[in-house]
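Reproduced below: my_file-v7.pdb, with PDB, C-alpha atoms.
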MODEL        1
ATOM      1  CA  MET H   1      -5.141  -7.313 -13.509  1.00  0.00           C
ATOM      2  CA  ASP H   2      -3.776 -10.581 -14.908  1.00  0.00           C
ATOM      3  CA  THR H   3      -3.560 -12.232 -11.483  1.00  0.00           C
ATOM      4  CA  PRO H   4      -5.879 -11.928  -8.474  1.00  0.00           C
ATOM      5  CA  PRO H   5      -4.893  -9.119  -6.097  1.00  0.00           C
ATOM      6  CA  PRO H   6      -3.330 -10.113  -2.782  1.00  0.00           C
ATOM      7  CA  CYS H   7      -5.459 -10.460   0.326  1.00  0.00           C
ATOM      8  CA  ILE H   8      -4.814  -7.790   2.969  1.00  0.00           C
ATOM      9  CA  SER H   9      -5.249  -8.309   6.711  1.00  0.00           C
ATOM     10  CA  ILE H  10      -4.309  -6.746  10.055  1.00  0.00           C
ATOM     11  CA  ASP H  11      -2.482  -8.685  12.755  1.00  0.00           C
ATOM     12  CA  PRO H  12      -4.812  -9.140  15.768  1.00  0.00           C
ATOM     13  CA  ALA H  13      -1.898  -8.286  18.094  1.00  0.00           C
ATOM     14  CA  LEU H  14      -1.592  -4.839  16.497  1.00  0.00           C
ATOM     15  CA  GLN H  15      -5.355  -4.351  16.486  1.00  0.00           C
ATOM     16  CA  ALA H  16      -5.506  -5.202  20.186  1.00  0.00           C
ATOM     17  CA  ILE H  17      -3.064  -2.399  21.003  1.00  0.00           C
ATOM     18  CA  TRP H  18      -4.892   0.185  18.860  1.00  0.00           C
ATOM     19  CA  PRO H  19      -8.464  -0.977  18.098  1.00  0.00           C
ATOM     20  CA  ASP H  20      -9.140   2.001  15.791  1.00  0.00           C
ATOM     21  CA  THR H  21      -6.557   0.781  13.283  1.00  0.00           C
ATOM     22  CA  ALA H  22      -8.058   0.619   9.787  1.00  0.00           C
ATOM     23  CA  LEU H  23      -6.289   0.080   6.487  1.00  0.00           C
ATOM     24  CA  GLY H  24      -7.785   1.503   3.319  1.00  0.00           C
ATOM     25  CA  TYR H  25      -6.782   0.009  -0.024  1.00  0.00           C
ATOM     26  CA  ILE H  26      -7.192   0.803  -3.711  1.00  0.00           C
ATOM     27  CA  PHE H  27      -6.106  -1.546  -6.475  1.00  0.00           C
ATOM     28  CA  TRP H  28      -5.639   0.450  -9.654  1.00  0.00           C
ATOM     29  CA  SER H  29      -3.732   0.575 -12.901  1.00  0.00           C
ATOM     30  CA  ALA H  30      -2.220   3.526 -14.734  1.00  0.00           C
ATOM     31  CA  PRO H  31       0.794   4.548 -16.757  1.00  0.00           C
ATOM     32  CA  VAL H  32       3.453   6.030 -14.505  1.00  0.00           C
ATOM     33  CA  LEU H  33       4.675   9.270 -16.060  1.00  0.00           C
ATOM     34  CA  ALA H  34       7.463  11.575 -14.969  1.00  0.00           C
ATOM     35  CA  GLN H  35       4.997  14.369 -14.241  1.00  0.00           C
ATOM     36  CA  GLU H  36       1.327  15.333 -14.613  1.00  0.00           C
ATOM     37  CA  PRO H  37       1.028  19.127 -15.081  1.00  0.00           C
ATOM     38  CA  GLN H  38      -2.700  19.181 -14.261  1.00  0.00           C
ATOM     39  CA  LEU H  39      -1.972  17.814 -10.798  1.00  0.00           C
ATOM     40  CA  TRP H  40       0.516  20.571 -10.029  1.00  0.00           C
ATOM     41  CA  ASN H  41      -1.826  23.230 -11.411  1.00  0.00           C
ATOM     42  CA  PHE H  42      -4.536  21.949  -9.059  1.00  0.00           C
ATOM     43  CA  PHE H  43      -2.108  21.886  -6.149  1.00  0.00           C
ATOM     44  CA  ALA H  44      -0.987  25.475  -6.786  1.00  0.00           C
ATOM     45  CA  SER H  45      -4.496  26.877  -7.213  1.00  0.00           C
ATOM     46  CA  HIS H  46      -6.457  24.866  -4.624  1.00  0.00           C
ATOM     47  CA  THR H  47      -4.469  22.723  -2.185  1.00  0.00           C
ATOM     48  CA  GLN H  48      -1.471  24.905  -1.429  1.00  0.00           C
ATOM     49  CA  PRO H  49      -3.371  28.145  -0.599  1.00  0.00           C
ATOM     50  CA  ARG H  50      -5.791  26.318   1.703  1.00  0.00           C
ATOM     51  CA  LEU H  51      -2.995  24.486   3.514  1.00  0.00           C
ATOM     52  CA  ALA H  52      -0.938  27.670   3.850  1.00  0.00           C
ATOM     53  CA  ARG H  53      -3.818  29.309   5.721  1.00  0.00           C
ATOM     54  CA  LEU H  54      -4.435  26.211   7.845  1.00  0.00           C
ATOM     55  CA  LEU H  55      -0.773  25.686   8.736  1.00  0.00           C
ATOM     56  CA  ALA H  56      -0.385  29.332   9.707  1.00  0.00           C
ATOM     57  CA  ASP H  57      -3.011  28.988  12.442  1.00  0.00           C
ATOM     58  CA  THR H  58      -2.814  25.320  13.461  1.00  0.00           C
ATOM     59  CA  GLU H  59      -0.298  23.352  15.482  1.00  0.00           C
ATOM     60  CA  LEU H  60       0.962  20.290  13.647  1.00  0.00           C
ATOM     61  CA  ALA H  61      -0.447  18.030  16.364  1.00  0.00           C
ATOM     62  CA  ASP H  62      -3.888  19.478  15.588  1.00  0.00           C
ATOM     63  CA  MET H  63      -3.708  18.915  11.833  1.00  0.00           C
ATOM     64  CA  PRO H  64      -6.054  16.158  10.571  1.00  0.00           C
ATOM     65  CA  GLN H  65      -4.948  12.664  11.657  1.00  0.00           C
ATOM     66  CA  ILE H  66      -1.551  13.758  13.028  1.00  0.00           C
ATOM     67  CA  GLY H  67      -2.415  13.707  16.737  1.00  0.00           C
ATOM     68  CA  THR H  68      -4.171  10.354  16.465  1.00  0.00           C
ATOM     69  CA  SER H  69      -1.243   8.808  14.613  1.00  0.00           C
ATOM     70  CA  ARG H  70       1.208  10.124  17.198  1.00  0.00           C
ATOM     71  CA  ARG H  71      -0.816   8.547  20.009  1.00  0.00           C
ATOM     72  CA  ALA H  72      -1.020   5.240  18.137  1.00  0.00           C
ATOM     73  CA  PHE H  73       2.739   5.148  17.575  1.00  0.00           C
ATOM     74  CA  LYS H  74       3.319   5.816  21.267  1.00  0.00           C
ATOM     75  CA  ALA H  75       0.996   2.928  22.143  1.00  0.00           C
ATOM     76  CA  PHE H  76       2.910   0.670  19.740  1.00  0.00           C
ATOM     77  CA  GLY H  77       6.171   1.532  21.514  1.00  0.00           C
ATOM     78  CA  ARG H  78       7.703   4.098  19.128  1.00  0.00           C
ATOM     79  CA  ASP H  79       8.538   7.676  20.037  1.00  0.00           C
ATOM     80  CA  PRO H  80       6.383   9.880  17.745  1.00  0.00           C
ATOM     81  CA  GLY H  81       8.924  12.671  18.183  1.00  0.00           C
ATOM     82  CA  ARG H  82      11.574  10.561  16.463  1.00  0.00           C
ATOM     83  CA  VAL H  83       9.524   8.900  13.716  1.00  0.00           C
ATOM     84  CA  ARG H  84       6.936  10.948  11.838  1.00  0.00           C
ATOM     85  CA  ILE H  85       4.276   9.732   9.459  1.00  0.00           C
ATOM     86  CA  SER H  86       4.699  10.916   5.884  1.00  0.00           C
ATOM     87  CA  SER H  87       1.811  13.410   5.963  1.00  0.00           C
ATOM     88  CA  GLU H  88       3.361  15.199   8.953  1.00  0.00           C
ATOM     89  CA  ALA H  89       6.663  15.359   7.071  1.00  0.00           C
ATOM     90  CA  LEU H  90       4.854  16.903   4.084  1.00  0.00           C
ATOM     91  CA  TYR H  91       3.135  19.468   6.316  1.00  0.00           C
ATOM     92  CA  ARG H  92       6.458  20.382   7.904  1.00  0.00           C
ATOM     93  CA  ARG H  93       8.000  20.865   4.481  1.00  0.00           C
ATOM     94  CA  LEU H  94       5.214  23.216   3.408  1.00  0.00           C
ATOM     95  CA  ARG H  95       5.352  25.142   6.682  1.00  0.00           C
ATOM     96  CA  GLN H  96       9.081  25.701   6.127  1.00  0.00           C
ATOM     97  CA  GLY H  97       8.349  27.165   2.696  1.00  0.00           C
ATOM     98  CA  LYS H  98      10.020  24.322   0.813  1.00  0.00           C
ATOM     99  CA  GLU H  99       8.855  22.937  -2.517  1.00  0.00           C
ATOM    100  CA  LEU H 100       7.328  19.476  -2.566  1.00  0.00           C
ATOM    101  CA  TYR H 101       9.294  16.758  -4.265  1.00  0.00           C
ATOM    102  CA  ARG H 102       8.045  15.912  -7.759  1.00  0.00           C
ATOM    103  CA  ILE H 103       8.490  12.163  -8.181  1.00  0.00           C
ATOM    104  CA  ASN H 104       6.077  10.804 -10.793  1.00  0.00           C
ATOM    105  CA  SER H 105       2.366  10.885 -11.590  1.00  0.00           C
ATOM    106  CA  ALA H 106       1.448   8.018  -9.213  1.00  0.00           C
ATOM    107  CA  VAL H 107       3.508   9.147  -6.218  1.00  0.00           C
ATOM    108  CA  ASP H 108       2.571  12.799  -6.666  1.00  0.00           C
ATOM    109  CA  ALA H 109      -1.142  11.878  -6.668  1.00  0.00           C
ATOM    110  CA  ASN H 110      -0.500   9.795  -3.529  1.00  0.00           C
ATOM    111  CA  ASN H 111       1.077  12.814  -1.804  1.00  0.00           C
ATOM    112  CA  LEU H 112      -1.720  15.149  -2.899  1.00  0.00           C
ATOM    113  CA  VAL H 113      -4.296  12.935  -1.175  1.00  0.00           C
ATOM    114  CA  SER H 114      -2.066  12.673   1.887  1.00  0.00           C
ATOM    115  CA  LEU H 115      -1.865  16.461   2.162  1.00  0.00           C
ATOM    116  CA  GLU H 116      -5.595  16.930   1.728  1.00  0.00           C
ATOM    117  CA  SER H 117      -6.642  14.156   4.124  1.00  0.00           C
ATOM    118  CA  GLY H 118      -3.859  14.135   6.736  1.00  0.00           C
ATOM    119  CA  PHE H 119      -3.367  10.384   6.329  1.00  0.00           C
ATOM    120  CA  SER H 120      -0.129   8.665   5.444  1.00  0.00           C
ATOM    121  CA  LEU H 121      -0.596   6.849   2.137  1.00  0.00           C
ATOM    122  CA  GLY H 122       1.672   4.341   0.450  1.00  0.00           C
ATOM    123  CA  THR H 123       1.547   3.450  -3.231  1.00  0.00           C
ATOM    124  CA  TYR H 124       3.309   0.290  -4.375  1.00  0.00           C
ATOM    125  CA  ASP H 125       4.161  -1.531  -7.593  1.00  0.00           C
ATOM    126  CA  LEU H 126       2.283  -4.836  -7.369  1.00  0.00           C
ATOM    127  CA  ALA H 127       4.814  -6.539  -9.645  1.00  0.00           C
ATOM    128  CA  ARG H 128       7.387  -6.119  -6.862  1.00  0.00           C
ATOM    129  CA  LEU H 129       5.242  -7.775  -4.164  1.00  0.00           C
ATOM    130  CA  ARG H 130       4.801 -11.475  -3.424  1.00  0.00           C
ATOM    131  CA  GLY H 131       1.878 -13.222  -1.725  1.00  0.00           C
ATOM    132  CA  ASN H 132      -0.656 -11.780   0.674  1.00  0.00           C
ATOM    133  CA  LEU H 133      -0.139  -8.661   2.760  1.00  0.00           C
ATOM    134  CA  LEU H 134      -0.228  -8.204   6.534  1.00  0.00           C
ATOM    135  CA  LEU H 135      -0.207  -5.029   8.591  1.00  0.00           C
ATOM    136  CA  ARG H 136       1.757  -5.877  11.730  1.00  0.00           C
ATOM    137  CA  LEU H 137       4.337  -4.480  14.132  1.00  0.00           C
ATOM    138  CA  GLY H 138       8.001  -4.755  13.249  1.00  0.00           C
ATOM    139  CA  ASN H 139      10.145  -7.322  15.025  1.00  0.00           C
ATOM    140  CA  GLU H 140      13.555  -6.997  16.659  1.00  0.00           C
ATOM    141  CA  GLY H 141      16.240  -6.583  13.991  1.00  0.00           C
ATOM    142  CA  GLU H 142      13.872  -5.882  11.095  1.00  0.00           C
ATOM    143  CA  THR H 143      15.002  -3.068   8.808  1.00  0.00           C
ATOM    144  CA  TYR H 144      14.791  -2.069   5.195  1.00  0.00           C
ATOM    145  CA  ALA H 145      16.362   0.443   2.873  1.00  0.00           C
ATOM    146  CA  GLY H 146      13.868   3.304   2.853  1.00  0.00           C
ATOM    147  CA  ILE H 147      13.306   5.755   0.036  1.00  0.00           C
ATOM    148  CA  GLY H 148      15.893   8.464   0.642  1.00  0.00           C
ATOM    149  CA  LYS H 149      17.135   6.619   3.743  1.00  0.00           C
ATOM    150  CA  ASP H 150      19.979   4.110   4.182  1.00  0.00           C
ATOM    151  CA  LYS H 151      18.195   1.989   6.784  1.00  0.00           C
ATOM    152  CA  LEU H 152      14.905   2.281   8.647  1.00  0.00           C
ATOM    153  CA  ASP H 153      14.575   0.592  12.045  1.00  0.00           C
ATOM    154  CA  LEU H 154      11.192  -1.179  11.984  1.00  0.00           C
ATOM    155  CA  LEU H 155      11.040  -2.385  15.590  1.00  0.00           C
ATOM    156  CA  ARG H 156       7.486  -1.815  16.943  1.00  0.00           C
ATOM    157  CA  MET H 157       6.640   0.119  13.768  1.00  0.00           C
ATOM    158  CA  PRO H 158       3.271  -0.562  12.075  1.00  0.00           C
ATOM    159  CA  LEU H 159       4.331  -1.989   8.726  1.00  0.00           C
ATOM    160  CA  LEU H 160       3.074  -3.864   5.699  1.00  0.00           C
ATOM    161  CA  ALA H 161       4.793  -7.156   4.890  1.00  0.00           C
ATOM    162  CA  ASP H 162       4.460  -9.698   2.087  1.00  0.00           C
ATOM    163  CA  ASP H 163       6.085 -13.119   1.677  1.00  0.00           C
ATOM    164  CA  LEU H 164       9.473 -11.443   1.216  1.00  0.00           C
ATOM    165  CA  GLY H 165       9.178  -9.321   4.363  1.00  0.00           C
ATOM    166  CA  PRO H 166       8.402  -5.690   5.207  1.00  0.00           C
ATOM    167  CA  PHE H 167       8.043  -3.241   2.329  1.00  0.00           C
ATOM    168  CA  GLY H 168       6.023  -0.266   3.586  1.00  0.00           C
ATOM    169  CA  CYS H 169       5.084   1.748   6.662  1.00  0.00           C
ATOM    170  CA  PRO H 170       3.422   5.100   7.412  1.00  0.00           C
ATOM    171  CA  CYS H 171       6.788   6.859   7.786  1.00  0.00           C
ATOM    172  CA  SER H 172       8.877   5.760   4.801  1.00  0.00           C
ATOM    173  CA  ASP H 173       8.390   3.026   2.225  1.00  0.00           C
ATOM    174  CA  SER H 174      11.046   0.601   1.063  1.00  0.00           C
ATOM    175  CA  GLN H 175      13.077   0.899  -2.092  1.00  0.00           C
ATOM    176  CA  ARG H 176      11.939  -2.609  -3.012  1.00  0.00           C
ATOM    177  CA  ALA H 177       8.321  -1.693  -3.743  1.00  0.00           C
ATOM    178  CA  MET H 178       8.874   1.898  -4.881  1.00  0.00           C
ATOM    179  CA  ILE H 179       7.358   3.151  -8.127  1.00  0.00           C
ATOM    180  CA  VAL H 180       9.689   4.405 -10.840  1.00  0.00           C
ATOM    181  CA  ALA H 181       8.361   6.435 -13.766  1.00  0.00           C
ATOM    182  CA  ASP H 182       8.464   4.946 -17.253  1.00  0.00           C
ATOM    183  CA  ALA H 183      10.856   6.594 -19.652  1.00  0.00           C
ATOM    184  CA  GLN H 184       8.326   6.804 -22.486  1.00  0.00           C
ATOM    185  CA  ALA H 185       5.552   9.403 -22.514  1.00  0.00           C
ATOM    186  CA  THR H 186       3.038   6.752 -23.641  1.00  0.00           C
ATOM    187  CA  ALA H 187       3.768   4.221 -20.934  1.00  0.00           C
ATOM    188  CA  THR H 188       2.021   0.888 -20.485  1.00  0.00           C
ATOM    189  CA  PRO H 189      -0.400   0.843 -17.516  1.00  0.00           C
ATOM    190  CA  ARG H 190       1.025  -0.766 -14.420  1.00  0.00           C
ATOM    191  CA  ALA H 191      -0.803  -2.587 -11.604  1.00  0.00           C
ATOM    192  CA  LEU H 192      -0.577  -0.514  -8.411  1.00  0.00           C
ATOM    193  CA  LEU H 193      -1.756  -0.682  -4.822  1.00  0.00           C
ATOM    194  CA  THR H 194      -2.382   2.325  -2.600  1.00  0.00           C
ATOM    195  CA  VAL H 195      -3.016   1.944   1.114  1.00  0.00           C
ATOM    196  CA  VAL H 196      -4.298   4.494   3.632  1.00  0.00           C
ATOM    197  CA  TYR H 197      -2.724   3.927   7.049  1.00  0.00           C
ATOM    198  CA  GLY H 198      -5.503   4.837   9.465  1.00  0.00           C
ATOM    199  CA  PHE H 199      -5.619   4.949  13.266  1.00  0.00           C
ATOM    200  CA  SER H 200      -8.954   6.729  13.754  1.00  0.00           C
ATOM    201  CA  GLY H 201     -11.494   4.104  12.665  1.00  0.00           C
ATOM    202  CA  CYS H 202     -13.179   3.278   9.367  1.00  0.00           C
ATOM    203  CA  GLU H 203     -15.180   6.371   8.498  1.00  0.00           C
ATOM    204  CA  PRO H 204     -12.280   8.840   8.019  1.00  0.00           C
ATOM    205  CA  VAL H 205     -10.391   6.215   6.000  1.00  0.00           C
ATOM    206  CA  GLN H 206     -13.422   5.696   3.766  1.00  0.00           C
ATOM    207  CA  GLU H 207     -13.587   9.456   3.179  1.00  0.00           C
ATOM    208  CA  ALA H 208      -9.905   9.456   2.217  1.00  0.00           C
ATOM    209  CA  LEU H 209     -10.530   6.590  -0.219  1.00  0.00           C
ATOM    210  CA  THR H 210     -13.281   8.587  -1.910  1.00  0.00           C
ATOM    211  CA  LEU H 211     -10.901  11.524  -2.260  1.00  0.00           C
ATOM    212  CA  ALA H 212      -8.151   9.245  -3.576  1.00  0.00           C
ATOM    213  CA  ARG H 213     -10.384   7.632  -6.181  1.00  0.00           C
ATOM    214  CA  GLY H 214     -11.251  11.046  -7.577  1.00  0.00           C
ATOM    215  CA  HIS H 215      -7.717  12.431  -7.593  1.00  0.00           C
ATOM    216  CA  PHE H 216      -6.124   9.253  -8.951  1.00  0.00           C
ATOM    217  CA  THR H 217      -8.614   9.195 -11.810  1.00  0.00           C
ATOM    218  CA  ALA H 218      -8.262  12.904 -12.599  1.00  0.00           C
ATOM    219  CA  PHE H 219      -4.522  13.330 -12.142  1.00  0.00           C
ATOM    220  CA  ALA H 220      -2.939   9.891 -12.653  1.00  0.00           C
ATOM    221  CA  GLY H 221      -5.148   8.282 -15.300  1.00  0.00           C
ATOM    222  CA  ALA H 222      -6.248   5.567 -12.872  1.00  0.00           C
ATOM    223  CA  ARG H 223      -8.515   2.672 -13.719  1.00  0.00           C
ATOM    224  CA  ILE H 224      -9.683   1.418 -10.332  1.00  0.00           C
ATOM    225  CA  SER H 225     -10.499  -2.273  -9.956  1.00  0.00           C
ATOM    226  CA  ASP H 226     -11.247  -2.546  -6.222  1.00  0.00           C
ATOM    227  CA  ALA H 227     -11.224  -0.472  -3.038  1.00  0.00           C
ATOM    228  CA  GLY H 228     -12.255  -0.934   0.573  1.00  0.00           C
ATOM    229  CA  VAL H 229     -11.299  -0.808   4.244  1.00  0.00           C
ATOM    230  CA  VAL H 230      -9.741  -3.613   6.304  1.00  0.00           C
ATOM    231  CA  ARG H 231     -10.363  -3.708  10.058  1.00  0.00           C
ATOM    232  CA  LYS H 232      -8.949  -7.133  10.919  1.00  0.00           C
TER     233      LYS H 232
ENDMDL
END
Could you show the structure in this file as structure tokens?
Amino acid sequence: MDTPPPCISIDPALQAIWPDTALGYIFWSAPVLAQEPQLWNFFASHTQPRLARLLADTELADMPQIGTSRRAFKAFGRDPGRVRISSEALYRRLRQGKELYRINSAVDANNLVSLESGFSLGTYDLARLRGNLLLRLGNEGETYAGIGKDKLDLLRMPLLADDLGPFGCPCSDSQRAMIVADAQATATPRALLTVVYGFSGCEPVQEALTLARGHFTAFAGARISDAGVVRK
């Protein structure tokens, strides 16, 4: 990276409400391509069959990380029946027999890790962010234009904010920091940040980071510069 990566921290007020909050992060660079066929071959041969069996016999609340995230959201003051983390939305889509969205190589790798770990992940274009990053609860009146959504109410929502305001949360990220594929097949690597929104302590988040490092390298051409877990 040409500039130092932003510092990432967790608001003590949020941590006090849910002490097991942990935020995983990976700073990486890669070209962002329209699609990576190897990723979808892996999904079809490995991930999808395993999840189909698991979803057939498991309640969504018992899927990895879903129940914990629901309880955390309730503690924060949001109804988990009305706002769902992105991994739960992906599980619901698969259970309904729907195809997953194919966005681009970076976002698709993000979603693959989310499906395999149960965590909500967010991947952001660092060029669109400003200053340091804070995981905090949303304030009265805070909203943003979500991806595929006109407006997302952020009140009491755990969210990531930079100097310009909120840009990501476990349910739906903002259009401001979204990653758009390059038009050319031989795209220039871009500086990216992936976060793992965790509410079950450090160890499961660390395991998800290990999984992400492997999948991002194999299926998104990632060069990873730093990774770790933030607890405060």
- Message: With distances taken over all atoms listed in the file, which residue among H:Leu33, H:Ile26, H:Leu55, H:Ala187 lies nearest H:Ile8?
- Response: H:Ile26
- Message: Using all atoms listed in the file and a cutoff of 10 Å, can you tell me which residues are near (6.6, 20.1, -8.4) in the file's coordinates, and write them out as a PyMOL selection string?
- Response: chain H and resi 35-37+39-41+43-44+99-104+108
- Message: Under the rule that only C-alpha atoms are counted, which of H:Pro80, H:Ala177, H:Leu54, H:Gln48 is the nearest residue to H:Lys98?
- Response: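 For H:Lys98, the nearest of the given residues is H:Gln48.
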- Message: Under the PyMOL selection byres ((chain H and resi 58-75) around 8), which residues of this model are included? Write them out as a VMD selection string.
- Response: chain H and resid 17 to 18 54 to 57 76 to 80 84 to 85 87 to 88 91 to 92 117 to 119 157 to 158 198 to 200
Output C-alpha atoms of each residue in that selection to a file, as a PDB file, in the frame of the given file.
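New file result17.pdb:
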ATOM      1  CA  ILE H  17      -3.064  -2.399  21.003  1.00  0.00           C
ATOM      2  CA  TRP H  18      -4.892   0.185  18.860  1.00  0.00           C
ATOM      3  CA  LEU H  54      -4.435  26.211   7.845  1.00  0.00           C
ATOM      4  CA  LEU H  55      -0.773  25.686   8.736  1.00  0.00           C
ATOM      5  CA  ALA H  56      -0.385  29.332   9.707  1.00  0.00           C
ATOM      6  CA  ASP H  57      -3.011  28.988  12.442  1.00  0.00           C
ATOM      7  CA  PHE H  76       2.910   0.670  19.740  1.00  0.00           C
ATOM      8  CA  GLY H  77       6.171   1.532  21.514  1.00  0.00           C
ATOM      9  CA  ARG H  78       7.703   4.098  19.128  1.00  0.00           C
ATOM     10  CA  ASP H  79       8.538   7.676  20.037  1.00  0.00           C
ATOM     11  CA  PRO H  80       6.383   9.880  17.745  1.00  0.00           C
ATOM     12  CA  ARG H  84       6.936  10.948  11.838  1.00  0.00           C
ATOM     13  CA  ILE H  85       4.276   9.732   9.459  1.00  0.00           C
ATOM     14  CA  SER H  87       1.811  13.410   5.963  1.00  0.00           C
ATOM     15  CA  GLU H  88       3.361  15.199   8.953  1.00  0.00           C
ATOM     16  CA  TYR H  91       3.135  19.468   6.316  1.00  0.00           C
ATOM     17  CA  ARG H  92       6.458  20.382   7.904  1.00  0.00           C
ATOM     18  CA  SER H 117      -6.642  14.156   4.124  1.00  0.00           C
ATOM     19  CA  GLY H 118      -3.859  14.135   6.736  1.00  0.00           C
ATOM     20  CA  PHE H 119      -3.367  10.384   6.329  1.00  0.00           C
ATOM     21  CA  MET H 157       6.640   0.119  13.768  1.00  0.00           C
ATOM     22  CA  PRO H 158       3.271  -0.562  12.075  1.00  0.00           C
ATOM     23  CA  GLY H 198      -5.503   4.837   9.465  1.00  0.00           C
ATOM     24  CA  PHE H 199      -5.619   4.949  13.266  1.00  0.00           C
ATOM     25  CA  SER H 200      -8.954   6.729  13.754  1.00  0.00           C
TER      26      SER H 200
END
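For the file at hand, the PyMOL selection byres ((chain H and resi 219) around 10) resolves to H:Gln35, H:Glu36, H:Pro37, H:Gln38, H:Leu39, H:Trp40, H:Phe42, H:Ser105, H:Ala106, H:Asp108, H:Ala109, H:Leu112, H:Gly214, H:His215, H:Phe216, H:Thr217, H:Ala218, H:Ala220, H:Gly221, H:Ala222.
Applied to this file, the PyMOL selection byres ((chain H and resi 180) around 9) selects the residues Val32, Leu33, Ala34, Ile103, Asn104, Asp125, Met178, Ile179, Ala181 and Asp182 of chain H.
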Which residues of stretch 150-195 of chain H sit at most 12 Å from stretch 204-212 of chain H, using all atoms listed in the file? Give each one's shortest atom pair and distance in Å (one decimal place), in chain and ascending residue order, as a tab-separated table.
residue	atom	partner	partner_atom	distance
H:Leu193	CA	H:Ala212	CA	11.9
H:Thr194	CA	H:Ala212	CA	9.1
H:Val195	CA	H:Leu209	CA	8.9
- Task: Using atom CA of H:Arg231 and atom CA of H:Glu203 as the two end points, give the distance in Å to one decimal.
- Result: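 That distance, rounded to one decimal, is 11.3 Å.
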- Task: Tell me which protein, DNA and RNA residues are within 8 Å of stretch 144-155 of chain H, counting all atoms listed in the file, leaving out same-chain ones fewer than 6 positions away, and put them as a VMD selection string.
- Result: chain H and resid 137 to 138 166 to 167 172 to 176 178
So that I can check the surroundings of H:Val196, please list as a JSON list (two decimals) with C-alpha atoms, in the frame of the given file every protein, DNA and RNA residue that reaches within 7 Å of it, counting all atoms listed in the file and ignoring chain neighbours fewer than 4 positions away.
[["chain", "number", "residue", "atom", "x", "y", "z"],
["H", 23, "LEU", "CA", -6.29, 0.08, 6.49],
["H", 24, "GLY", "CA", -7.78, 1.50, 3.32],
["H", 25, "TYR", "CA", -6.78, 0.01, -0.02],
["H", 119, "PHE", "CA", -3.37, 10.38, 6.33],
["H", 120, "SER", "CA", -0.13, 8.66, 5.44],
["H", 121, "LEU", "CA", -0.60, 6.85, 2.14],
["H", 122, "GLY", "CA", 1.67, 4.34, 0.45],
["H", 205, "VAL", "CA", -10.39, 6.22, 6.00]]
Put the listed atoms of stretch 20-24 of chain H in a box along x, y and z with 3 Å added on every side and give me the centre and edge lengths in Å to one decimal, as AutoDock Vina command-line options.
--center_x -7.7 --center_y 1.0 --center_z 9.6 --size_x 8.9 --size_y 7.9 --size_z 18.5
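Nearest to H:Ser86 of all the residues H:Thr3, H:Ser29, H:Ser45, H:Asn110 is H:Asn110, based on all atoms listed in the file.
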- Length of the atom CA of H:Thr21 to atom CA of H:Arg190 vector [Å]: 28.8 Å
- Message: One decimal, in Å: what's the spacing between atom CA of H:Leu160 and atom CA of H:Gly81?
- Response: 21.5 Å
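Minimum distance to H:Gly131 across H:Val83, H:Cys7, H:Leu192, H:Ala89 (counting only C-alpha atoms) occurs at H:Cys7.
When only C-alpha atoms are used to measure the gap to H:Leu129, the shortest distance among H:Pro5, H:Pro12, H:Gly141, H:Pro49 belongs to H:Pro5.
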